[in-house]
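Participant: Below you'll find the structure I mean.
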Amino acid sequence: MTYDLIVVGSGAAGLAGAIKAGRDGKKVLLLEKLSQIATKLKATGGGRCNLSNTLDNTSFMQSFGKNGRFMTTALNKMDHNDLMNFFKSIDLETHIPDGFRIFPVTHSSTTVINALTNELKKLDVEILCEQRVEEIITKNSKITSIKTQNNIYNTKNILLATGGMGYPKMGATGDGFPIVESLGHKVTKLYPAMMPLSTKETWQGNCRADTISKVTIKVNIPNNNKLKKLTAKGDLIFTSTGLRGPVILDFAREITPFLDKYKEVPILVNLTHGMNEDQIIKAIKEKSTKEPSKNIVEILSSLVPTSLAKELCKICSIDISKNYKNIQGEAKNKLIKLLAWTPFTISGHDGFNKAMITRGGISLKEINPNTMESKIIKGLYFAGEIIDIDGPCGGYNLQWSFSSGFLAGELLVNL
Ligand SMILES: Cc1cc2nc3c(=O)[nH]c(=O)nc-3n(C[C@H](O)[C@H](O)[C@H](O)COP(=O)(O)OP(=O)(O)OC[C@H]3O[C@@H](n4cnc5c(N)ncnc54)[C@H](O)[C@@H]3O)c2cc1C
């Protein structure tokens with residue numbers, strides 16, 4: 001038996017590629033090393049599956065940084081509207097509850113996987129689990145077959161969609177990288193991205209219960225223009241060892257390469273909805289005038305959670321039973337400065353174990369963006385996170401995986 005296409009990996013990218021080729025009447029085999037398909041897809045969006053978002057293609061690509069334009073053809077073939085229509089065609093309705101992020105109406109990733117599985121069955125795509133691909137066999141730079149731990153399958157076309165290295169227990173452990181390197185492809189340096197960050201400070205562990213909204217983060221290294229540009233905005237949660245929450249996921253994506261280089265990165269965090277020192281002083285004075293009997297923590301609680309107000313006063317050696325007007329000189333200045341920009345020092349992270357995505361991957365220079373085919377090996381296609389493309393939090397990475405998978409599944413070149 002020779003397959004038209006063998007897809008390796010049953011994540012969003014592999015499933016999309018298998019469905020597209022199946023819809024085009026191709027004989028497709030899907031190989032997955034775990035005992036079931038789509039393990040990571042099941043965990044996405046906290047089990048709710050944030051499939052995409054409503055950005056237009058230009059803004060969407062810009063959000064991915066300098067590599068974003070590589071996605072042009074893939075997104076032109078399948079943007080978020082096409083993705084919603086695709087899911088509709090397999091009986092899964094989607095919606096946009098906050099006007100930006102796209103979810104299945106069920107808010108259940110299981111229903112997404114069921115819909116995709118039914119479509120694969122309808123198209124007679126053969127699925128074999130517990131098949132760990134170890135080698136792609138080629139002759140004269142063309143594919144002849146693929147080898148798993150206990151089998152060899154014949155094909156001229158392979159879609160390698162083995163993902164990155166984040167959350168390895170969900171299947172993606174970087175298997176695809178040595179396979180492509182052995183075929184002459186370059187893999188850029190890989191970094192864990194989108195995960196909680198550890199800090200040198202530990203005081204924030206006393207403020208774990210509260211989510212702080214509309215936080216701004218910036219890097220605090222003077223005279224480093226590249227790092228100075230790194231900022232992030234969003235919701236923040238404190239942990240006993242550091243910082244987490246959506247703003248940290250996006251910030252971590254940018255900061256990990258620098259953390260690798262500098263070992264520690266000082267940052268400043270605005271925890272007062274973007275207020276500057278003058279605005280903070282004005283707000284505190286107004287509140288204290290209106291409610292003169294309230295102590296400093298009670299006054300600050302209109303700006304930040306009470307637990308945080310207490311900790312910031314502690315850092316400034318301020319007696320929390322005092323009124324604002326009774327706090328003097330340096331302590332008062334320090335408190336206002338801290339409220340405007342609270343310093344932390346990022347000192348580490350949990351690596352790939354808790355990284356939602358991987359930064360880096362197969363070099364874009366060696367992939368045709370119009371087909372997703374390798375420029376080195378005929379018939380070898382790539383899609384999803386295995387490629388050197390990563391986006392922020394908010395449906396970006398799944399849209400890219402689906403779009404690139406569909407494009408690769410077209411097999412424009414070889415059939
Ligand atoms: C907890 C979590 C939540 C997330 N939430 C979101 C979200 O809501 N929205 C969003 O856009 N993105 C989200 N992401 C990111 C997103 O899930 C990934 O970017 C995307 O799933 C990548 O898809 P993929 O198909 O490229 O790879 P994967 O989904 O990682 O699939 C790769 C597959 O290949 C298999 N495989 C690996 N090696 C081999 C081998 N040698 N042989 C055979 N099979 C192999 C793996 O077992 C796996 O099933 C989240 C990530 C995580 C970890």
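Naming works like this for the structure tokens: A, B, ... for the chains as they're shown, residue 1 at the start of each chain, ligands 1 onward in shown order.
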From a DSSP pass on the backbone, collect the residues of range 135-303 of chain A flagged as strand (DSSP E or B) and hand them back as number ranges by chain.
Facilitator: A: 135-139, 142-148, 152-155, 158-160, 187, 191-193, 197-199, 211-219, 231-238, 242-244, 265-270
Participant: Please dump the current selection as a compact mmCIF listing (two decimals), in the first residue's frame; keep N, CA and C atoms.
Facilitator:
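The resulting file, again-v1.txt, is reproduced below:
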# COMPACT_ATOMS: atom_id res chain seq x y z
N GLU A 135 12.00 8.14 11.52
CA GLU A 135 12.86 8.50 10.39
C GLU A 135 12.03 8.67 9.12
N ILE A 136 12.44 9.63 8.30
CA ILE A 136 11.84 9.77 6.97
C ILE A 136 12.88 9.26 5.98
N ILE A 137 12.49 8.31 5.16
CA ILE A 137 13.47 7.71 4.25
C ILE A 137 13.35 8.35 2.86
N THR A 138 14.47 8.79 2.34
CA THR A 138 14.46 9.49 1.04
C THR A 138 15.45 8.85 0.08
N LYS A 139 15.20 9.12 -1.20
CA LYS A 139 16.17 8.72 -2.23
C LYS A 139 16.26 9.87 -3.23
N LYS A 142 14.01 12.76 -2.60
CA LYS A 142 12.55 12.53 -2.70
C LYS A 142 12.17 11.48 -1.65
N ILE A 143 10.95 11.62 -1.12
CA ILE A 143 10.51 10.69 -0.07
C ILE A 143 10.13 9.34 -0.67
N THR A 144 10.53 8.28 0.03
CA THR A 144 10.08 6.95 -0.39
C THR A 144 9.20 6.31 0.69
N SER A 145 9.53 6.55 1.96
CA SER A 145 8.76 5.91 3.04
C SER A 145 9.05 6.57 4.37
N ILE A 146 8.35 6.09 5.39
CA ILE A 146 8.53 6.63 6.73
C ILE A 146 8.60 5.47 7.72
N LYS A 147 9.47 5.63 8.73
CA LYS A 147 9.71 4.51 9.65
C LYS A 147 9.23 4.89 11.05
N THR A 148 8.41 4.02 11.63
CA THR A 148 8.03 4.20 13.05
C THR A 148 8.80 3.16 13.88
N ILE A 152 7.17 0.23 8.61
CA ILE A 152 7.57 1.16 7.54
C ILE A 152 6.35 1.36 6.65
N TYR A 153 6.03 2.61 6.33
CA TYR A 153 4.88 2.92 5.47
C TYR A 153 5.39 3.65 4.24
N ASN A 154 4.81 3.29 3.06
CA ASN A 154 5.29 3.89 1.81
C ASN A 154 4.44 5.10 1.40
N THR A 155 5.12 6.11 0.94
CA THR A 155 4.44 7.32 0.46
C THR A 155 5.45 8.21 -0.25
N ILE A 158 4.81 13.57 2.77
CA ILE A 158 4.65 13.54 4.23
C ILE A 158 4.37 14.96 4.72
N LEU A 159 3.37 15.07 5.59
CA LEU A 159 3.17 16.33 6.30
C LEU A 159 3.65 16.11 7.73
N LEU A 160 4.76 16.76 8.06
CA LEU A 160 5.33 16.61 9.40
C LEU A 160 4.75 17.71 10.28
N VAL A 187 17.23 24.10 12.04
CA VAL A 187 16.24 24.41 13.09
C VAL A 187 16.81 25.57 13.90
N TYR A 191 13.20 28.06 22.22
CA TYR A 191 13.01 28.60 23.56
C TYR A 191 11.60 28.26 24.04
N PRO A 192 11.47 27.95 25.34
CA PRO A 192 10.11 27.83 25.87
C PRO A 192 9.47 29.21 25.88
N ALA A 193 8.20 29.29 25.57
CA ALA A 193 7.51 30.59 25.56
C ALA A 193 6.11 30.42 26.14
N LEU A 197 6.50 33.09 35.12
CA LEU A 197 7.89 33.49 35.32
C LEU A 197 8.21 33.54 36.81
N SER A 198 9.42 33.14 37.19
CA SER A 198 9.84 33.24 38.59
C SER A 198 10.49 34.60 38.80
N THR A 199 10.36 35.09 40.04
CA THR A 199 11.00 36.37 40.37
C THR A 199 11.92 36.16 41.58
N THR A 211 -6.71 38.71 40.97
CA THR A 211 -6.25 38.97 39.61
C THR A 211 -6.22 40.49 39.44
N ILE A 212 -5.11 41.02 38.98
CA ILE A 212 -5.02 42.47 38.81
C ILE A 212 -5.16 42.78 37.32
N SER A 213 -6.17 43.56 37.00
CA SER A 213 -6.46 43.78 35.58
C SER A 213 -5.68 44.98 35.04
N LYS A 214 -5.59 45.01 33.72
CA LYS A 214 -4.99 46.14 32.97
C LYS A 214 -3.61 46.53 33.49
N VAL A 215 -2.79 45.55 33.70
CA VAL A 215 -1.42 45.77 34.18
C VAL A 215 -0.52 46.08 32.98
N THR A 216 0.46 46.96 33.17
CA THR A 216 1.46 47.20 32.12
C THR A 216 2.82 46.73 32.64
N ILE A 217 3.56 46.04 31.79
CA ILE A 217 4.90 45.59 32.18
C ILE A 217 5.92 46.17 31.20
N LYS A 218 7.05 46.64 31.72
CA LYS A 218 8.13 47.05 30.82
C LYS A 218 9.47 46.60 31.40
N VAL A 219 10.45 46.44 30.52
CA VAL A 219 11.78 46.02 30.96
C VAL A 219 12.51 47.23 31.52
N THR A 231 7.13 45.53 25.96
CA THR A 231 6.11 45.85 26.95
C THR A 231 4.94 44.88 26.75
N ALA A 232 4.13 44.75 27.76
CA ALA A 232 2.93 43.90 27.63
C ALA A 232 1.85 44.47 28.52
N LYS A 233 0.61 44.24 28.10
CA LYS A 233 -0.54 44.74 28.89
C LYS A 233 -1.55 43.62 29.06
N GLY A 234 -2.17 43.55 30.23
CA GLY A 234 -3.21 42.53 30.45
C GLY A 234 -3.35 42.19 31.91
N ASP A 235 -4.02 41.07 32.16
CA ASP A 235 -4.30 40.67 33.55
C ASP A 235 -3.13 39.90 34.15
N LEU A 236 -2.86 40.17 35.43
CA LEU A 236 -1.71 39.57 36.12
C LEU A 236 -2.19 38.84 37.38
N ILE A 237 -1.54 37.71 37.65
CA ILE A 237 -1.81 36.98 38.90
C ILE A 237 -0.46 36.73 39.57
N PHE A 238 -0.40 36.96 40.89
CA PHE A 238 0.83 36.69 41.64
C PHE A 238 0.87 35.22 42.06
N GLY A 242 6.48 33.81 41.80
CA GLY A 242 6.63 34.79 40.72
C GLY A 242 5.33 35.35 40.21
N LEU A 243 5.20 35.35 38.86
CA LEU A 243 4.08 36.02 38.21
C LEU A 243 3.48 35.10 37.15
N ARG A 244 2.14 35.15 37.02
CA ARG A 244 1.49 34.43 35.93
C ARG A 244 0.30 35.23 35.43
N VAL A 265 16.32 39.50 34.48
CA VAL A 265 15.84 40.69 33.76
C VAL A 265 14.97 41.53 34.70
N PRO A 266 15.43 42.75 35.07
CA PRO A 266 14.60 43.61 35.92
C PRO A 266 13.44 44.19 35.11
N ILE A 267 12.27 44.21 35.74
CA ILE A 267 11.10 44.79 35.05
C ILE A 267 10.39 45.76 36.00
N LEU A 268 9.53 46.58 35.41
CA LEU A 268 8.67 47.47 36.19
C LEU A 268 7.23 47.14 35.82
N VAL A 269 6.38 47.09 36.84
CA VAL A 269 4.99 46.71 36.60
C VAL A 269 4.07 47.81 37.13
N ASN A 270 3.20 48.31 36.25
CA ASN A 270 2.19 49.26 36.71
C ASN A 270 0.94 48.48 37.10
Participant: Find the nearest atom pair between each residue of chain A and ligand 1 for residues within 6 Å, count only C-alpha atoms and all ligand atoms, give distances in Å to one decimal, sort rows by chain and ascending number, and present the table as JSON lines.
Facilitator:
{"residue": "A:Val8", "atom": "CA", "partner": "ligand 1", "partner_atom_place_in_ligand_line": "43 (C)", "distance": 5.2}
{"residue": "A:Gly9", "atom": "CA", "partner": "ligand 1", "partner_atom_place_in_ligand_line": "34 (O)", "distance": 3.2}
{"residue": "A:Ser10", "atom": "CA", "partner": "ligand 1", "partner_atom_place_in_ligand_line": "49 (O)", "distance": 4.6}
{"residue": "A:Gly11", "atom": "CA", "partner": "ligand 1", "partner_atom_place_in_ligand_line": "25 (O)", "distance": 3.3}
{"residue": "A:Ala12", "atom": "CA", "partner": "ligand 1", "partner_atom_place_in_ligand_line": "25 (O)", "distance": 4.1}
{"residue": "A:Ala13", "atom": "CA", "partner": "ligand 1", "partner_atom_place_in_ligand_line": "25 (O)", "distance": 3.8}
{"residue": "A:Gly14", "atom": "CA", "partner": "ligand 1", "partner_atom_place_in_ligand_line": "25 (O)", "distance": 5.4}
{"residue": "A:Leu31", "atom": "CA", "partner": "ligand 1", "partner_atom_place_in_ligand_line": "43 (C)", "distance": 5.5}
{"residue": "A:Glu32", "atom": "CA", "partner": "ligand 1", "partner_atom_place_in_ligand_line": "44 (N)", "distance": 3.8}
{"residue": "A:Lys33", "atom": "CA", "partner": "ligand 1", "partner_atom_place_in_ligand_line": "43 (C)", "distance": 4.0}
{"residue": "A:Leu34", "atom": "CA", "partner": "ligand 1", "partner_atom_place_in_ligand_line": "47 (O)", "distance": 5.2}
{"residue": "A:Ile37", "atom": "CA", "partner": "ligand 1", "partner_atom_place_in_ligand_line": "49 (O)", "distance": 6.0}
{"residue": "A:Ala38", "atom": "CA", "partner": "ligand 1", "partner_atom_place_in_ligand_line": "49 (O)", "distance": 5.3}
{"residue": "A:Thr39", "atom": "CA", "partner": "ligand 1", "partner_atom_place_in_ligand_line": "49 (O)", "distance": 5.8}
{"residue": "A:Lys40", "atom": "CA", "partner": "ligand 1", "partner_atom_place_in_ligand_line": "29 (O)", "distance": 4.9}
{"residue": "A:Leu41", "atom": "CA", "partner": "ligand 1", "partner_atom_place_in_ligand_line": "21 (O)", "distance": 5.3}
{"residue": "A:Ala43", "atom": "CA", "partner": "ligand 1", "partner_atom_place_in_ligand_line": "1 (C)", "distance": 5.2}
{"residue": "A:Thr44", "atom": "CA", "partner": "ligand 1", "partner_atom_place_in_ligand_line": "5 (N)", "distance": 3.3}
{"residue": "A:Gly45", "atom": "CA", "partner": "ligand 1", "partner_atom_place_in_ligand_line": "8 (O)", "distance": 3.2}
{"residue": "A:Cys49", "atom": "CA", "partner": "ligand 1", "partner_atom_place_in_ligand_line": "8 (O)", "distance": 4.7}
{"residue": "A:Asn50", "atom": "CA", "partner": "ligand 1", "partner_atom_place_in_ligand_line": "8 (O)", "distance": 3.8}
{"residue": "A:Leu51", "atom": "CA", "partner": "ligand 1", "partner_atom_place_in_ligand_line": "9 (N)", "distance": 5.5}
{"residue": "A:Ser52", "atom": "CA", "partner": "ligand 1", "partner_atom_place_in_ligand_line": "11 (O)", "distance": 6.0}
{"residue": "A:Gln131", "atom": "CA", "partner": "ligand 1", "partner_atom_place_in_ligand_line": "43 (C)", "distance": 5.8}
{"residue": "A:Arg132", "atom": "CA", "partner": "ligand 1", "partner_atom_place_in_ligand_line": "42 (N)", "distance": 3.6}
{"residue": "A:Val133", "atom": "CA", "partner": "ligand 1", "partner_atom_place_in_ligand_line": "42 (N)", "distance": 3.8}
{"residue": "A:Glu134", "atom": "CA", "partner": "ligand 1", "partner_atom_place_in_ligand_line": "41 (N)", "distance": 5.8}
{"residue": "A:Ala161", "atom": "CA", "partner": "ligand 1", "partner_atom_place_in_ligand_line": "26 (O)", "distance": 5.5}
{"residue": "A:Thr162", "atom": "CA", "partner": "ligand 1", "partner_atom_place_in_ligand_line": "34 (O)", "distance": 3.6}
{"residue": "A:Gly163", "atom": "CA", "partner": "ligand 1", "partner_atom_place_in_ligand_line": "27 (O)", "distance": 3.5}
{"residue": "A:Tyr167", "atom": "CA", "partner": "ligand 1", "partner_atom_place_in_ligand_line": "53 (C)", "distance": 5.3}
{"residue": "A:Gly171", "atom": "CA", "partner": "ligand 1", "partner_atom_place_in_ligand_line": "47 (O)", "distance": 3.2}
{"residue": "A:Ala172", "atom": "CA", "partner": "ligand 1", "partner_atom_place_in_ligand_line": "37 (C)", "distance": 4.4}
{"residue": "A:Asp175", "atom": "CA", "partner": "ligand 1", "partner_atom_place_in_ligand_line": "38 (N)", "distance": 4.8}
{"residue": "A:Met356", "atom": "CA", "partner": "ligand 1", "partner_atom_place_in_ligand_line": "53 (C)", "distance": 3.7}
{"residue": "A:Ile357", "atom": "CA", "partner": "ligand 1", "partner_atom_place_in_ligand_line": "19 (O)", "distance": 5.6}
{"residue": "A:Gly384", "atom": "CA", "partner": "ligand 1", "partner_atom_place_in_ligand_line": "26 (O)", "distance": 3.4}
{"residue": "A:Glu385", "atom": "CA", "partner": "ligand 1", "partner_atom_place_in_ligand_line": "26 (O)", "distance": 3.9}
{"residue": "A:Ile386", "atom": "CA", "partner": "ligand 1", "partner_atom_place_in_ligand_line": "26 (O)", "distance": 5.9}
{"residue": "A:Gly394", "atom": "CA", "partner": "ligand 1", "partner_atom_place_in_ligand_line": "9 (N)", "distance": 5.7}
{"residue": "A:Gly395", "atom": "CA", "partner": "ligand 1", "partner_atom_place_in_ligand_line": "11 (O)", "distance": 3.2}
{"residue": "A:Tyr396", "atom": "CA", "partner": "ligand 1", "partner_atom_place_in_ligand_line": "11 (O)", "distance": 4.5}
{"residue": "A:Asn397", "atom": "CA", "partner": "ligand 1", "partner_atom_place_in_ligand_line": "11 (O)", "distance": 3.8}
{"residue": "A:Leu398", "atom": "CA", "partner": "ligand 1", "partner_atom_place_in_ligand_line": "11 (O)", "distance": 3.6}
{"residue": "A:Ser401", "atom": "CA", "partner": "ligand 1", "partner_atom_place_in_ligand_line": "23 (O)", "distance": 5.3}
Participant: Could those selected residues go to a file with N, CA and C atoms, as a CSV table (one decimal), in the first residue's frame?
Facilitator:
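Below is the file that was written, result_7.csv:
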chain,number,residue,atom,x,y,z
A,8,VAL,N,2.1,13.2,10.0
A,8,VAL,CA,2.7,12.8,11.3
A,8,VAL,C,2.3,13.8,12.3
A,9,GLY,N,1.5,13.4,13.3
A,9,GLY,CA,1.1,14.3,14.4
A,9,GLY,C,-0.4,14.6,14.2
A,10,SER,N,-1.2,14.4,15.3
A,10,SER,CA,-2.6,14.7,15.2
A,10,SER,C,-3.0,15.9,16.0
A,11,GLY,N,-2.2,17.0,16.0
A,11,GLY,CA,-2.6,18.2,16.6
A,11,GLY,C,-3.5,19.0,15.5
A,12,ALA,N,-3.7,20.2,15.8
A,12,ALA,CA,-4.6,21.0,14.9
A,12,ALA,C,-4.0,21.0,13.5
A,13,ALA,N,-2.7,21.2,13.4
A,13,ALA,CA,-2.1,21.2,12.1
A,13,ALA,C,-2.2,19.9,11.3
A,14,GLY,N,-1.9,18.8,11.9
A,14,GLY,CA,-2.0,17.5,11.3
A,14,GLY,C,-3.4,17.2,10.9
A,31,LEU,N,-0.5,9.3,11.4
A,31,LEU,CA,0.3,8.6,12.5
A,31,LEU,C,0.4,9.5,13.7
A,32,GLU,N,0.1,8.9,14.9
A,32,GLU,CA,0.2,9.6,16.1
A,32,GLU,C,0.9,8.8,17.2
A,33,LYS,N,1.8,9.3,17.9
A,33,LYS,CA,2.6,8.5,18.8
A,33,LYS,C,1.9,8.2,20.1
A,34,LEU,N,1.0,9.1,20.5
A,34,LEU,CA,0.2,8.9,21.8
A,34,LEU,C,-0.9,7.9,21.5
A,37,ILE,N,-5.7,10.7,19.7
A,37,ILE,CA,-5.4,11.9,18.9
A,37,ILE,C,-5.7,13.2,19.7
A,38,ALA,N,-5.1,14.3,19.2
A,38,ALA,CA,-5.4,15.7,19.6
A,38,ALA,C,-5.3,15.9,21.1
A,39,THR,N,-4.3,15.4,21.8
A,39,THR,CA,-4.2,15.6,23.2
A,39,THR,C,-4.0,17.1,23.6
A,40,LYS,N,-3.2,17.8,22.9
A,40,LYS,CA,-2.9,19.2,23.2
A,40,LYS,C,-4.2,20.0,22.9
A,41,LEU,N,-4.8,19.7,21.7
A,41,LEU,CA,-6.0,20.5,21.3
A,41,LEU,C,-7.0,20.4,22.4
A,43,ALA,N,-6.6,20.3,25.5
A,43,ALA,CA,-6.3,21.2,26.7
A,43,ALA,C,-6.3,22.7,26.4
A,44,THR,N,-6.5,23.0,25.1
A,44,THR,CA,-6.4,24.4,24.8
A,44,THR,C,-7.5,25.3,25.4
A,45,GLY,N,-7.1,26.5,25.7
A,45,GLY,CA,-8.1,27.5,26.2
A,45,GLY,C,-8.7,27.0,27.5
A,49,CYS,N,-10.9,25.8,24.2
A,49,CYS,CA,-10.5,25.8,22.8
A,49,CYS,C,-10.7,27.2,22.2
A,50,ASN,N,-9.8,28.1,22.4
A,50,ASN,CA,-9.8,29.4,21.8
A,50,ASN,C,-9.3,29.3,20.4
A,51,LEU,N,-10.2,29.0,19.4
A,51,LEU,CA,-9.8,28.6,18.1
A,51,LEU,C,-9.1,29.7,17.3
A,52,SER,N,-9.5,30.9,17.5
A,52,SER,CA,-8.9,32.0,16.7
A,52,SER,C,-9.3,33.3,17.2
A,131,GLN,N,2.1,5.1,17.1
A,131,GLN,CA,3.1,5.0,16.1
A,131,GLN,C,4.0,6.2,16.1
A,132,ARG,N,5.2,5.9,16.7
A,132,ARG,CA,6.1,7.0,16.9
A,132,ARG,C,7.1,7.1,15.7
A,133,VAL,N,7.0,8.1,14.9
A,133,VAL,CA,7.8,8.3,13.7
A,133,VAL,C,9.3,8.5,14.1
A,134,GLU,N,10.2,7.8,13.5
A,134,GLU,CA,11.6,7.9,13.9
A,134,GLU,C,12.4,8.4,12.8
A,161,ALA,N,3.9,17.3,11.2
A,161,ALA,CA,3.2,18.3,12.1
A,161,ALA,C,3.4,17.8,13.6
A,162,THR,N,4.6,17.6,14.0
A,162,THR,CA,4.9,17.0,15.3
A,162,THR,C,5.0,18.1,16.4
A,163,GLY,N,4.6,19.3,16.1
A,163,GLY,CA,4.6,20.4,17.1
A,163,GLY,C,5.9,20.8,17.6
A,167,TYR,N,4.8,21.6,27.0
A,167,TYR,CA,4.0,20.6,27.7
A,167,TYR,C,4.2,19.2,27.1
A,171,GLY,N,2.5,15.2,24.2
A,171,GLY,CA,3.0,14.6,22.9
A,171,GLY,C,4.1,15.3,22.2
A,172,ALA,N,4.1,16.6,22.2
A,172,ALA,CA,5.1,17.3,21.4
A,172,ALA,C,6.4,17.4,22.2
A,175,ASP,N,10.4,15.8,18.6
A,175,ASP,CA,10.8,14.6,17.7
A,175,ASP,C,11.1,15.1,16.3
A,356,MET,N,3.4,27.0,26.9
A,356,MET,CA,2.3,26.7,26.1
A,356,MET,C,2.7,26.7,24.6
A,357,ILE,N,3.8,27.4,24.3
A,357,ILE,CA,4.3,27.2,22.9
A,357,ILE,C,5.8,27.3,22.9
A,384,GLY,N,2.1,24.1,11.4
A,384,GLY,CA,1.9,24.3,12.8
A,384,GLY,C,3.2,24.7,13.6
A,385,GLU,N,3.2,24.3,14.8
A,385,GLU,CA,4.3,24.8,15.7
A,385,GLU,C,5.7,24.3,15.4
A,386,ILE,N,5.8,23.3,14.6
A,386,ILE,CA,7.2,22.8,14.3
A,386,ILE,C,7.9,23.9,13.5
A,394,GLY,N,-4.3,34.1,22.6
A,394,GLY,CA,-5.6,34.6,22.1
A,394,GLY,C,-6.1,34.0,20.8
A,395,GLY,N,-5.8,32.7,20.6
A,395,GLY,CA,-6.3,32.0,19.4
A,395,GLY,C,-5.4,32.1,18.2
A,396,TYR,N,-4.2,32.8,18.3
A,396,TYR,CA,-3.3,33.0,17.2
A,396,TYR,C,-2.7,31.7,16.8
A,397,ASN,N,-2.2,30.9,17.8
A,397,ASN,CA,-1.4,29.7,17.4
A,397,ASN,C,-2.3,28.6,16.8
A,398,LEU,N,-3.5,28.5,17.3
A,398,LEU,CA,-4.4,27.5,16.7
A,398,LEU,C,-4.8,27.9,15.3
A,401,SER,N,-2.0,27.0,13.1
A,401,SER,CA,-1.8,25.6,12.9
A,401,SER,C,-2.9,25.1,11.9
Participant: What lies within 10 Å of Asn295 in chain A using only C-alpha atoms, ignoring chain neighbours under 4 positions off, as a ChimeraX atom specification?
Facilitator: /A:288,291,299-300,319-326
Participant: For Lys26 in chain A, work out the shell of residues within 9 Å, counting only C-alpha atoms and skipping chain neighbours fewer than 3 positions away, then give it as a list in words.
Facilitator: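 So the residues in contact are Tyr3, Asp4, Leu5, Lys20, Ala21, Gly22, Arg23 and Val125 of chain A.
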Participant: For the alpha helix (DSSP H) assignment from backbone DSSP, which residues of range 32-218 of chain A qualify? Please present them as a VMD selection string.
Facilitator: chain A and resid 39 to 47 57 to 62 72 to 77 80 to 89 109 to 122 176 to 182
